[in-house]
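Novice: Handing over structure-v3.cif, mmCIF, C-alpha atoms.
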```cif
data_coords
loop_
_atom_site.label_atom_id
_atom_site.label_comp_id
_atom_site.auth_asym_id
_atom_site.auth_seq_id
_atom_site.Cartn_x
_atom_site.Cartn_y
_atom_site.Cartn_z
CA MET A 20 212.38 90.56 134.17
CA ALA A 21 209.67 92.51 132.31
CA LEU A 22 206.53 91.49 130.49
CA ALA A 23 206.81 91.17 126.70
CA ILE A 24 204.87 93.90 124.87
CA THR A 25 203.14 93.14 121.55
CA GLU A 26 201.26 95.61 119.34
CA TRP A 27 198.14 93.71 118.31
CA ASP A 28 197.38 95.58 115.08
CA SER A 29 200.83 94.99 113.60
CA ALA A 30 200.97 91.32 114.66
CA SER A 31 200.32 88.55 112.16
CA ALA A 32 197.59 85.95 112.67
CA ASP A 33 200.20 83.46 113.88
CA GLU A 34 201.71 86.03 116.26
CA ARG A 35 198.27 86.81 117.67
CA GLU A 36 197.57 83.13 118.16
CA ALA A 37 200.89 82.70 119.94
CA ALA A 38 200.25 85.72 122.17
CA LEU A 39 197.03 84.15 123.47
CA ARG A 40 198.37 80.61 123.71
CA ARG A 41 198.23 79.21 127.21
CA PRO A 42 201.07 77.22 128.75
CA ALA A 43 200.76 73.57 127.78
CA LEU A 44 199.05 71.35 130.31
CA THR A 45 201.47 68.83 131.73
CA ALA A 46 199.17 65.79 131.74
CA ASP A 47 201.31 63.89 129.27
CA GLY A 48 201.17 60.18 128.55
CA ALA A 49 203.38 59.28 131.49
CA ILE A 50 201.14 61.11 133.97
CA ARG A 51 197.98 59.65 132.46
CA SER A 52 199.39 56.14 132.72
CA ARG A 53 200.62 56.56 136.29
CA VAL A 54 197.32 58.16 137.40
CA ALA A 55 195.40 55.27 135.87
CA GLU A 56 197.56 52.86 137.87
CA ILE A 57 197.00 54.81 141.12
CA ILE A 58 193.25 54.80 140.53
CA ARG A 59 193.24 51.05 139.83
CA GLN A 60 195.32 50.42 142.93
CA VAL A 61 193.03 52.43 145.22
CA GLU A 62 189.89 50.93 143.68
CA THR A 63 191.08 47.37 144.24
CA GLU A 64 193.18 47.64 147.40
CA GLY A 65 191.48 50.48 149.29
CA ASP A 66 193.13 51.72 152.48
CA SER A 67 196.17 49.50 151.99
CA ALA A 68 196.89 51.30 148.71
CA LEU A 69 196.33 54.68 150.35
CA ARG A 70 198.87 53.92 153.06
CA GLN A 71 201.42 52.70 150.54
CA LEU A 72 200.93 55.67 148.22
CA THR A 73 201.04 58.17 151.08
CA ALA A 74 204.31 56.67 152.27
CA SER A 75 205.90 56.64 148.81
CA LEU A 76 204.56 59.94 147.45
CA ASP A 77 204.08 62.12 150.54
CA LYS A 78 206.86 60.47 152.60
CA VAL A 79 204.51 60.06 155.58
CA GLU A 80 203.48 56.87 157.38
CA LEU A 81 199.81 57.07 158.39
CA GLN A 82 197.57 54.41 159.85
CA ASP A 83 194.52 56.60 160.39
CA PHE A 84 193.76 59.16 157.69
CA ARG A 85 190.84 60.90 159.36
CA VAL A 86 191.53 64.07 161.33
CA GLY A 87 190.50 63.59 164.96
CA LYS A 88 189.28 65.94 167.69
CA ARG A 89 192.75 66.46 169.13
CA GLU A 90 194.19 67.56 165.79
CA PHE A 91 191.28 69.96 165.23
CA ALA A 92 191.86 71.43 168.69
CA ALA A 93 195.60 71.75 168.10
CA ALA A 94 194.97 73.47 164.77
CA THR A 95 192.64 75.94 166.43
CA ARG A 96 195.33 76.84 168.97
CA GLN A 97 197.97 77.35 166.28
CA LEU A 98 196.16 80.24 164.59
CA THR A 99 196.35 83.80 165.83
CA PRO A 100 193.23 85.86 166.63
CA LYS A 101 193.75 87.83 163.41
CA GLN A 102 193.88 84.61 161.40
CA HIS A 103 190.69 83.35 163.02
CA ALA A 104 189.00 86.68 162.31
CA ALA A 105 190.05 86.62 158.65
CA ILE A 106 188.66 83.10 158.23
CA GLU A 107 185.39 84.08 159.90
CA LEU A 108 185.01 87.16 157.68
CA SER A 109 185.63 85.13 154.56
CA ILE A 110 183.11 82.47 155.57
CA ALA A 111 180.49 85.09 156.44
CA ASN A 112 180.76 86.89 153.11
CA VAL A 113 180.91 83.73 151.03
CA ARG A 114 177.90 82.36 152.91
CA SER A 115 175.96 85.60 152.43
CA PHE A 116 176.45 85.53 148.66
CA HIS A 117 175.82 81.80 148.28
CA VAL A 118 172.69 81.59 150.44
CA ALA A 119 171.01 83.90 147.92
CA GLN A 120 171.72 81.29 145.22
CA LEU A 121 169.48 78.59 146.70
CA PRO A 122 167.07 77.52 143.95
CA ARG A 123 163.36 77.97 144.49
CA PRO A 124 160.73 75.36 143.61
CA LEU A 125 159.11 75.90 140.23
CA SER A 126 155.50 75.03 139.34
CA VAL A 127 153.85 75.76 135.99
CA GLU A 128 150.51 74.68 134.52
CA THR A 129 151.48 74.36 130.85
CA MET A 130 147.87 73.62 129.84
CA PRO A 131 144.70 73.15 131.86
CA GLY A 132 145.17 69.93 133.78
CA VAL A 133 148.90 69.60 132.99
CA SER A 134 151.07 70.55 135.97
CA CYS A 135 154.89 70.59 135.68
CA GLU A 136 157.21 71.17 138.63
CA ARG A 137 160.90 71.29 139.37
CA VAL A 138 162.37 70.66 142.81
CA SER A 139 165.99 70.62 143.98
CA HIS A 140 167.73 68.14 146.26
CA PRO A 141 171.27 68.24 147.63
CA ILE A 142 173.69 65.68 146.22
CA ASP A 143 173.85 62.80 148.70
CA ALA A 144 177.64 62.74 149.10
CA VAL A 145 180.25 65.21 147.84
CA GLY A 146 184.04 65.04 147.86
CA LEU A 147 186.06 68.22 148.33
CA TYR A 148 189.75 68.42 147.46
CA VAL A 149 191.95 71.13 148.98
CA PRO A 150 195.52 71.10 147.62
CA ALA A 151 198.59 71.90 149.68
CA GLY A 152 201.43 71.91 147.17
CA THR A 153 203.58 75.03 147.10
CA ALA A 154 201.14 76.73 149.50
CA PRO A 155 198.22 75.58 151.69
CA LEU A 156 194.85 76.93 150.60
CA PRO A 157 192.40 77.52 153.47
CA SER A 158 190.48 79.77 151.08
CA ALA A 159 189.78 76.75 148.85
CA ALA A 160 188.36 74.91 151.86
CA ILE A 161 185.98 77.82 152.43
CA MET A 162 184.94 78.08 148.79
CA LEU A 163 184.10 74.38 148.66
CA ALA A 164 182.68 73.81 152.13
CA VAL A 165 180.33 76.80 152.34
CA PRO A 166 178.16 76.03 149.27
CA ALA A 167 178.17 72.32 150.14
CA ALA A 168 176.82 73.14 153.59
CA ILE A 169 174.26 75.62 152.24
CA ALA A 170 173.03 73.06 149.72
CA GLY A 171 172.52 70.64 152.59
CA CYS A 172 174.59 67.74 151.26
CA PRO A 173 174.20 64.98 153.89
CA GLU A 174 177.74 63.61 153.42
CA LYS A 175 180.64 66.02 152.94
CA VAL A 176 184.15 64.55 152.68
CA LEU A 177 187.27 66.69 152.40
CA CYS A 178 190.73 65.42 151.48
CA THR A 179 193.94 67.42 151.79
CA PRO A 180 197.58 66.24 151.69
CA PRO A 181 199.42 65.56 154.95
CA ARG A 182 202.43 67.62 155.95
CA ASN A 183 205.82 66.11 156.75
CA ASP A 184 204.83 65.59 160.37
CA GLY A 185 201.66 63.72 159.43
CA THR A 186 199.24 66.53 160.27
CA ALA A 187 197.09 68.59 157.93
CA ASP A 188 197.58 72.34 157.53
CA ALA A 189 196.09 74.06 160.57
CA ALA A 190 194.44 76.89 158.64
CA VAL A 191 192.80 74.44 156.22
CA LEU A 192 191.41 72.43 159.14
CA VAL A 193 190.04 75.47 160.95
CA ALA A 194 188.52 76.97 157.79
CA ALA A 195 186.88 73.69 156.76
CA GLN A 196 185.48 72.94 160.21
CA ARG A 197 184.14 76.48 160.70
CA ALA A 198 182.50 76.22 157.28
CA GLY A 199 180.73 73.00 158.20
CA ILE A 200 183.05 70.08 157.39
CA ASP A 201 184.05 67.53 160.03
CA SER A 202 185.01 64.54 157.85
CA ILE A 203 188.53 65.50 156.79
CA TYR A 204 191.13 63.00 155.57
CA LYS A 205 194.87 63.49 155.20
CA ILE A 206 195.18 62.14 151.69
CA GLY A 207 196.57 64.01 148.69
CA GLY A 208 196.96 63.78 144.94
CA ALA A 209 195.39 61.31 142.56
CA GLN A 210 194.96 58.78 145.37
CA ALA A 211 192.64 61.18 147.23
CA ILE A 212 190.49 61.61 144.14
CA ALA A 213 190.32 57.85 143.66
CA ALA A 214 189.41 57.31 147.32
CA MET A 215 186.51 59.76 147.12
CA ALA A 216 185.36 58.36 143.78
CA PHE A 217 185.29 54.67 144.74
CA GLY A 218 185.31 54.70 148.53
CA THR A 219 187.48 52.65 150.88
CA ALA A 220 187.02 51.20 154.36
CA SER A 221 188.00 54.62 155.76
CA VAL A 222 186.86 57.10 153.11
CA PRO A 223 183.18 57.25 152.10
CA LYS A 224 182.32 57.01 148.41
CA THR A 225 181.02 60.29 147.00
CA CYS A 226 178.81 61.13 144.03
CA LYS A 227 180.65 64.24 142.84
CA ILE A 228 184.14 65.63 143.41
CA PHE A 229 185.02 69.32 143.62
CA GLY A 230 188.18 71.35 143.91
CA PRO A 231 191.41 72.46 142.23
CA GLY A 232 194.73 70.65 142.05
CA ASN A 233 197.88 70.01 140.06
CA ALA A 234 198.17 68.02 136.82
CA TRP A 235 197.91 64.72 138.71
CA VAL A 236 194.71 65.74 140.50
CA THR A 237 193.20 67.19 137.34
CA GLU A 238 193.98 64.02 135.39
CA ALA A 239 192.58 61.85 138.19
CA LYS A 240 189.34 63.83 138.21
CA THR A 241 189.05 63.42 134.44
CA GLN A 242 189.60 59.67 134.65
CA VAL A 243 187.21 58.93 137.53
CA SER A 244 184.48 60.99 135.85
CA ALA A 245 184.67 58.65 132.85
CA HIS A 246 184.66 55.49 134.98
CA LEU A 247 181.41 53.54 135.26
CA ARG A 248 181.76 53.30 139.05
CA GLY A 249 183.45 56.67 139.46
CA ALA A 250 182.12 60.09 140.35
CA ALA A 251 181.08 63.24 138.55
CA ILE A 252 183.34 66.32 138.77
CA ASP A 253 182.76 70.04 139.05
CA MET A 254 184.48 71.40 135.92
CA PRO A 255 187.56 71.15 133.70
CA ALA A 256 190.50 72.92 135.29
CA GLY A 257 193.91 74.21 134.34
CA PRO A 258 196.50 76.67 135.68
CA SER A 259 195.34 79.94 137.22
CA GLU A 260 195.05 82.96 134.90
CA LEU A 261 194.16 86.66 134.92
CA LEU A 262 193.46 89.16 132.17
CA VAL A 263 193.38 92.91 132.81
CA ILE A 264 191.82 95.48 130.48
CA ALA A 265 193.22 98.92 131.33
CA ASP A 266 192.90 102.38 129.82
CA ALA A 267 195.30 105.33 129.89
CA ASN A 268 194.12 106.43 133.34
CA ALA A 269 194.80 103.08 135.00
CA ASP A 270 197.24 102.94 137.89
CA ALA A 271 200.32 101.03 136.68
CA GLU A 272 201.29 100.05 140.22
CA PHE A 273 197.86 98.50 140.84
CA VAL A 274 197.79 96.71 137.49
CA ALA A 275 201.26 95.23 138.03
CA ALA A 276 200.29 94.06 141.51
CA ASP A 277 197.17 92.39 140.12
CA LEU A 278 199.14 90.59 137.42
CA LEU A 279 201.69 89.32 139.93
CA SER A 280 198.95 88.18 142.32
CA GLN A 281 198.06 85.45 139.84
CA ALA A 282 201.55 84.85 138.47
CA GLU A 283 202.68 83.75 141.93
CA HIS A 284 200.18 80.86 141.96
CA GLY A 285 202.40 78.62 139.84
CA THR A 286 205.00 78.47 137.12
CA ASP A 287 202.26 77.50 134.64
CA SER A 288 199.99 80.44 135.51
CA GLN A 289 199.42 83.10 132.87
CA VAL A 290 198.59 86.80 133.08
CA ILE A 291 197.74 89.18 130.22
CA LEU A 292 197.30 92.95 130.05
CA LEU A 293 195.24 94.50 127.25
CA THR A 294 195.49 98.26 126.93
CA ASP A 295 194.95 100.99 124.35
CA CYS A 296 197.80 103.07 125.83
CA LYS A 297 201.42 102.33 124.88
CA ALA A 298 202.74 104.48 127.71
CA LEU A 299 200.75 102.50 130.28
CA ALA A 300 201.99 99.24 128.76
CA ARG A 301 205.60 100.31 129.32
CA ARG A 302 204.91 101.58 132.84
CA VAL A 303 203.21 98.33 133.83
CA ALA A 304 205.98 96.19 132.35
CA ASP A 305 208.58 98.19 134.27
CA GLU A 306 206.51 98.05 137.46
CA VAL A 307 206.15 94.28 137.21
CA GLY A 308 209.93 94.02 137.16
CA ARG A 309 210.26 96.25 140.22
CA GLN A 310 207.60 94.45 142.27
CA LEU A 311 208.65 90.97 141.21
CA CYS A 312 212.00 91.02 142.99
CA LYS A 313 210.30 91.80 146.31
CA LEU A 314 208.02 88.75 146.29
CA SER A 315 208.74 85.73 148.48
CA ARG A 316 207.63 83.54 145.55
CA HIS A 317 209.50 85.59 142.94
CA GLU A 318 210.99 82.54 141.22
CA ILE A 319 207.55 81.03 140.65
CA ALA A 320 206.08 84.34 139.50
CA ALA A 321 209.06 85.00 137.22
CA ALA A 322 208.54 81.67 135.47
CA ALA A 323 204.86 82.52 134.93
CA ILE A 324 205.77 85.94 133.53
CA LEU A 325 207.72 84.21 130.75
CA ALA A 326 204.40 82.92 129.35
CA SER A 327 202.56 86.20 129.96
CA ARG A 328 201.95 89.19 127.69
CA VAL A 329 201.10 92.88 127.37
CA LEU A 330 199.03 93.49 124.25
CA VAL A 331 198.58 97.05 122.97
CA VAL A 332 195.34 97.45 121.03
CA ARG A 333 193.83 100.29 119.03
CA ALA A 334 190.70 100.71 121.18
CA LEU A 335 189.04 99.21 124.24
CA GLU A 336 186.47 97.57 121.95
CA ASP A 337 189.31 95.48 120.52
CA ALA A 338 190.43 94.57 124.03
CA VAL A 339 186.93 93.32 124.85
CA ALA A 340 186.83 91.19 121.69
CA ILE A 341 190.23 89.66 122.50
CA SER A 342 189.17 88.99 126.08
CA ASN A 343 186.00 87.22 124.94
CA ARG A 344 188.15 85.13 122.60
CA TYR A 345 190.57 84.22 125.40
CA ALA A 346 187.79 83.61 128.00
CA PRO A 347 189.88 84.25 131.14
CA GLU A 348 189.33 82.72 134.54
CA HIS A 349 189.62 86.19 136.12
CA LEU A 350 189.04 89.51 134.34
CA ILE A 351 189.75 92.95 135.80
CA LEU A 352 188.22 95.99 134.05
CA HIS A 353 190.63 98.72 135.18
CA VAL A 354 188.96 101.48 133.15
CA ASP A 355 187.13 104.74 133.85
CA GLN A 356 183.60 103.39 133.29
CA PRO A 357 183.86 99.64 133.88
CA ARG A 358 180.12 98.97 133.82
CA ASP A 359 179.92 100.43 130.32
CA VAL A 360 182.48 97.83 129.24
CA LEU A 361 180.88 95.03 131.29
CA SER A 362 177.81 94.93 129.08
CA ASP A 363 179.97 93.57 126.23
CA ILE A 364 181.81 90.92 128.30
CA ARG A 365 180.51 87.41 127.56
CA ASN A 366 183.24 84.93 128.44
CA ALA A 367 184.92 85.17 131.84
CA GLY A 368 184.83 83.19 135.06
CA SER A 369 184.68 86.19 137.41
CA VAL A 370 184.88 89.92 136.65
CA PHE A 371 186.32 92.68 138.86
CA LEU A 372 185.23 96.26 138.22
CA GLY A 373 187.39 99.35 138.66
CA PRO A 374 190.65 100.22 140.41
CA TRP A 375 189.49 99.26 143.91
CA SER A 376 188.47 95.69 143.04
CA PRO A 377 191.64 93.56 143.10
CA GLU A 378 191.30 89.91 142.13
CA SER A 379 192.65 89.00 145.57
CA ALA A 380 189.34 90.14 147.08
CA GLY A 381 187.51 87.48 145.11
CA ASP A 382 190.06 84.85 146.08
CA TYR A 383 189.35 85.40 149.75
CA CYS A 384 186.65 87.66 151.13
CA SER A 385 184.32 89.45 148.71
CA GLY A 386 181.83 86.58 148.74
CA THR A 387 182.02 85.20 145.20
CA ASN A 388 183.47 81.75 144.65
CA HIS A 389 187.07 81.46 143.45
CA VAL A 390 186.68 77.95 142.00
CA LEU A 391 186.38 78.99 138.35
CA PRO A 392 186.75 77.55 134.85
CA THR A 393 190.22 78.00 133.39
CA TYR A 394 191.97 77.33 130.10
CA GLY A 395 189.18 78.93 128.04
CA HIS A 396 186.42 76.80 129.57
CA ALA A 397 184.67 80.01 130.68
CA ARG A 398 183.12 79.95 127.19
CA ALA A 399 180.89 77.09 128.34
CA TYR A 400 181.27 76.62 132.11
CA SER A 401 180.37 78.74 135.13
CA GLY A 402 182.17 79.17 138.41
CA LEU A 403 181.23 77.10 141.43
CA SER A 404 177.84 77.86 142.98
CA VAL A 405 175.30 76.26 145.27
CA ASP A 406 173.32 74.68 142.43
CA GLN A 407 176.31 72.53 141.47
CA PHE A 408 175.97 70.83 144.85
CA MET A 409 172.34 70.07 144.05
CA ARG A 410 170.40 68.18 141.44
CA GLN A 411 167.08 69.16 139.95
CA MET A 412 164.17 66.77 139.54
CA THR A 413 161.10 67.45 137.43
CA ILE A 414 157.59 66.31 138.33
CA GLN A 415 154.44 66.17 136.23
CA GLU A 416 150.85 65.46 137.13
CA LEU A 417 148.03 65.20 134.60
CA SER A 418 144.33 65.20 135.29
CA PRO A 419 141.93 63.44 132.88
CA GLU A 420 141.32 66.83 131.30
CA GLY A 421 145.06 67.39 130.96
CA LEU A 422 145.62 64.05 129.23
CA ARG A 423 142.77 64.80 126.82
CA ASN A 424 144.35 68.18 126.05
CA ILE A 425 147.76 66.77 125.05
CA GLY A 426 146.96 63.13 124.30
CA ALA A 427 146.40 63.47 120.56
CA ALA A 428 149.70 65.35 120.14
CA VAL A 429 151.58 62.69 122.15
CA ILE A 430 150.12 59.91 119.97
CA GLU A 431 151.00 61.80 116.79
CA LEU A 432 154.59 62.47 117.86
CA ALA A 433 155.05 58.84 118.97
CA ALA A 434 153.81 57.70 115.57
CA MET A 435 156.35 59.95 113.84
CA GLU A 436 159.07 58.16 115.77
CA GLY A 437 157.65 54.68 115.26
CA LEU A 438 157.20 54.11 119.00
CA ASP A 439 153.87 52.31 119.20
CA ALA A 440 154.06 51.52 122.91
CA HIS A 441 154.44 55.21 123.70
CA ALA A 442 151.26 55.95 121.78
CA SER A 443 149.46 52.99 123.34
CA ALA A 444 150.18 54.18 126.89
CA VAL A 445 148.14 57.28 126.07
CA SER A 446 145.48 55.86 123.77
CA LYS A 447 144.48 53.17 126.28
CA ARG A 448 143.79 55.85 128.87
CA LEU A 449 141.86 58.00 126.42
CA ASP A 450 139.80 54.95 125.38
CA ARG A 451 139.06 54.21 129.07
CA MET A 452 137.84 57.77 129.58
CA ALA A 453 135.62 57.56 126.53
CA SER A 454 134.09 54.27 127.66
CA GLN A 455 133.22 55.72 131.07
CA GLN A 456 131.37 58.73 129.70
#
```
Output the structure of this file as structure tokens.
Specialist:
Amino acid sequence: MALAITEWDSASADEREAALRRPALTADGAIRSRVAEIIRQVETEGDSALRQLTASLDKVELQDFRVGKREFAAATRQLTPKQHAAIELSIANVRSFHVAQLPRPLSVETMPGVSCERVSHPIDAVGLYVPAGTAPLPSAAIMLAVPAAIAGCPEKVLCTPPRNDGTADAAVLVAAQRAGIDSIYKIGGAQAIAAMAFGTASVPKTCKIFGPGNAWVTEAKTQVSAHLRGAAIDMPAGPSELLVIADANADAEFVAADLLSQAEHGTDSQVILLTDCKALARRVADEVGRQLCKLSRHEIAAAAILASRVLVVRALEDAVAISNRYAPEHLILHVDQPRDVLSDIRNAGSVFLGPWSPESAGDYCSGTNHVLPTYGHARAYSGLSVDQFMRQMTIQELSPEGLRNIGAAVIELAAMEGLDAHASAVSKRLDRMASQQ
């Protein structure tokens, strides 16, 4: 199976639109309705609902959802020294990059006697979701747990689906615990999101929920974020995606490997190559076919390739414009002078520069966060960072001089809006000052 090649300049407007169309999200009416029922059930019945849903959906009977000391110890023994070392390296690099993101207090005197400040506080309780569908994701545990710990969130709750034997994935447990999470619950899917949003006897209620998931998890996050008693969420999410911009000197073997690295995530993933070289387009398409058959997840990747494209453009400037229009989750600039191109990139979740920067590095160990906006949301959203685990609070303090300096303007603006009490709160103070002089 090879990637379909389209020449952008000769394509019609409809053909161009189709070439950049993402696979349809699967949150149809049936899923929305069922998710709403799961959320209602967990909200009203708590742990009883969680046990019933875990038995029916995950085929596991659990009485206690929380991971205990013995299971943590067993998980630690299951991993090899190389696996432990890889987890430690990932945590160290992610921590190094995210520590630098801690916000600093801000204090500005806007006028004499008018002091304005901004301080940051960690969110009191955060919920982290680590999926374990077609593959466990210890890297997701790291990407969520590290910034939560750096931000200093007092309560950090992590949910991940149980395996057939009733345990959680060993690598996920080790990664989460090493990154600073001890409260881990073996609950998956929409029911896990509901548990963290509303709280149960076992699972603490959280203020904000983070993490990727399938259509059921994504729909559950959307619904609880709109619920009066629910929780905020990190960002809109969809299937994983990668766009590569490559010139004539790009290595076709590398480009194909990069495309397949995202195609293997899921059947609804999408990868796109933009190049100004027809010969490279053909080489990459052929190389994808050769590498695909060697992958352990070749059936999943092959399904994703069906919704993926190679687009041949006239010049790299056109590729940049198309990329900004598409707003990919991941963008690789596989060109001779990637930083020259970078200056024109506006919409992307995370960017990888040059032939030696595979997207896989960002997924695991470079230090950046791999929880990123998908489905074009990179036009308005940023990837996960420490500040999303914090909230900012502004402070103002006015001296008598400061109130005199801005008081007349406050009264005038309040009058424009017909808000007499606003004006009175200032004028009464100004009158008091005048009477004391």
Novice: Please enumerate the residues selected by the PyMOL selection byres ((chain A and resi 90) around 12) when evaluated against the supplied file, formatted as a list of chain:residue names.
Specialist: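 Written out, the selection comes to A:Phe84, A:Arg85, A:Val86, A:Gly87, A:Lys88, A:Arg89, A:Phe91, A:Ala92, A:Ala93, A:Ala94, A:Thr95, A:Arg96, A:Gln97, A:Gly185, A:Thr186, A:Ala187, A:Asp188, A:Ala189, A:Ala190, A:Val191, A:Leu192, A:Val193, A:Gln196, A:Asp201, A:Ile203, A:Tyr204, A:Lys205.
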Novice: Find the residues with any atom within 12 Å of (166.4, 71.7, 144.1); use all atoms listed in the file and the coordinates as given in the file, and write the answer as a ChimeraX atom specification.
Specialist: /A:120-125,136-142,169-172,405-414
Novice: Which residues, named as in the file, does the PyMOL selection byres ((chain A and resi 214) around 10) pick out? Answer as a short mmCIF file (atom, residue, chain, number, x, y, z; two decimals) with C-alpha atoms, in the coordinates of the input.
Specialist:
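Generated output (out.cif):
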```cif
data_model
loop_
_atom_site.label_atom_id
_atom_site.label_comp_id
_atom_site.auth_asym_id
_atom_site.auth_seq_id
_atom_site.Cartn_x
_atom_site.Cartn_y
_atom_site.Cartn_z
CA ILE A 58 193.25 54.80 140.53
CA VAL A 61 193.03 52.43 145.22
CA GLU A 62 189.89 50.93 143.68
CA GLY A 65 191.48 50.48 149.29
CA ASP A 66 193.13 51.72 152.48
CA ALA A 68 196.89 51.30 148.71
CA LEU A 69 196.33 54.68 150.35
CA GLY A 146 184.04 65.04 147.86
CA CYS A 178 190.73 65.42 151.48
CA ILE A 206 195.18 62.14 151.69
CA GLY A 207 196.57 64.01 148.69
CA ALA A 209 195.39 61.31 142.56
CA GLN A 210 194.96 58.78 145.37
CA ALA A 211 192.64 61.18 147.23
CA ILE A 212 190.49 61.61 144.14
CA ALA A 213 190.32 57.85 143.66
CA MET A 215 186.51 59.76 147.12
CA ALA A 216 185.36 58.36 143.78
CA PHE A 217 185.29 54.67 144.74
CA GLY A 218 185.31 54.70 148.53
CA THR A 219 187.48 52.65 150.88
CA ALA A 220 187.02 51.20 154.36
CA SER A 221 188.00 54.62 155.76
CA VAL A 222 186.86 57.10 153.11
CA PRO A 223 183.18 57.25 152.10
CA LYS A 224 182.32 57.01 148.41
CA THR A 225 181.02 60.29 147.00
CA GLY A 249 183.45 56.67 139.46
#
```
Novice: A:Gln82, A:Ala164, A:Asp28, A:Leu352: which is nearest Ala334 of chain A, counting only C-alpha atoms?
Specialist: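 The closest residue to Ala334 of chain A is A:Asp28.
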Novice: From the set A:Gly381, A:Pro155, A:Gly48, A:Pro347, which residue has the shortest atom-to-atom contact distance to Phe116 of chain A, counting only C-alpha atoms?
Specialist: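 That would be A:Gly381, the residue with the smallest distance to Phe116 of chain A.
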Novice: Could you please determine the separation between atom CA of Cys226 of chain A and atom CA of Ser109 of chain A in Å, to one decimal place?
Specialist: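 The value is 27.1 Å.
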Novice: Work out how far apart atom CA of Lys297 of chain A and atom CA of Tyr394 of chain A are and give it in Å to one decimal.
Specialist: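 It comes out at 27.2 Å.
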Novice: List, as a list in words, every residue that the PyMOL selection byres ((chain A and resi 328) around 6) selects in the file provided.
Specialist: Leu22, Ala23, Ile291, Ser327 and Val329 of chain A
Novice: Fewer than 3 positions away in the same chain doesn't count, so skip those; otherwise give me all residues within 10 Å of segment 238-248 of chain A, counting all atoms listed in the file, as a PyMOL selection string.
Specialist: chain A and resi 45-47+50-55+57-58+62+208-213+215-217+226-235+251-256
Novice: Which polymer residues have any atom within 10 Å of an atom of Glu306 of chain A, counting all atoms listed in the file, with same-chain residues fewer than 5 positions away left out, as a ChimeraX atom specification?
Specialist: /A:21-22,271-276,300-301,311
Novice: Could you please determine the separation between atom CA of Leu335 of chain A and atom CA of Asp359 of chain A in Å, to one decimal place?
Specialist: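 It comes out at 11.0 Å.
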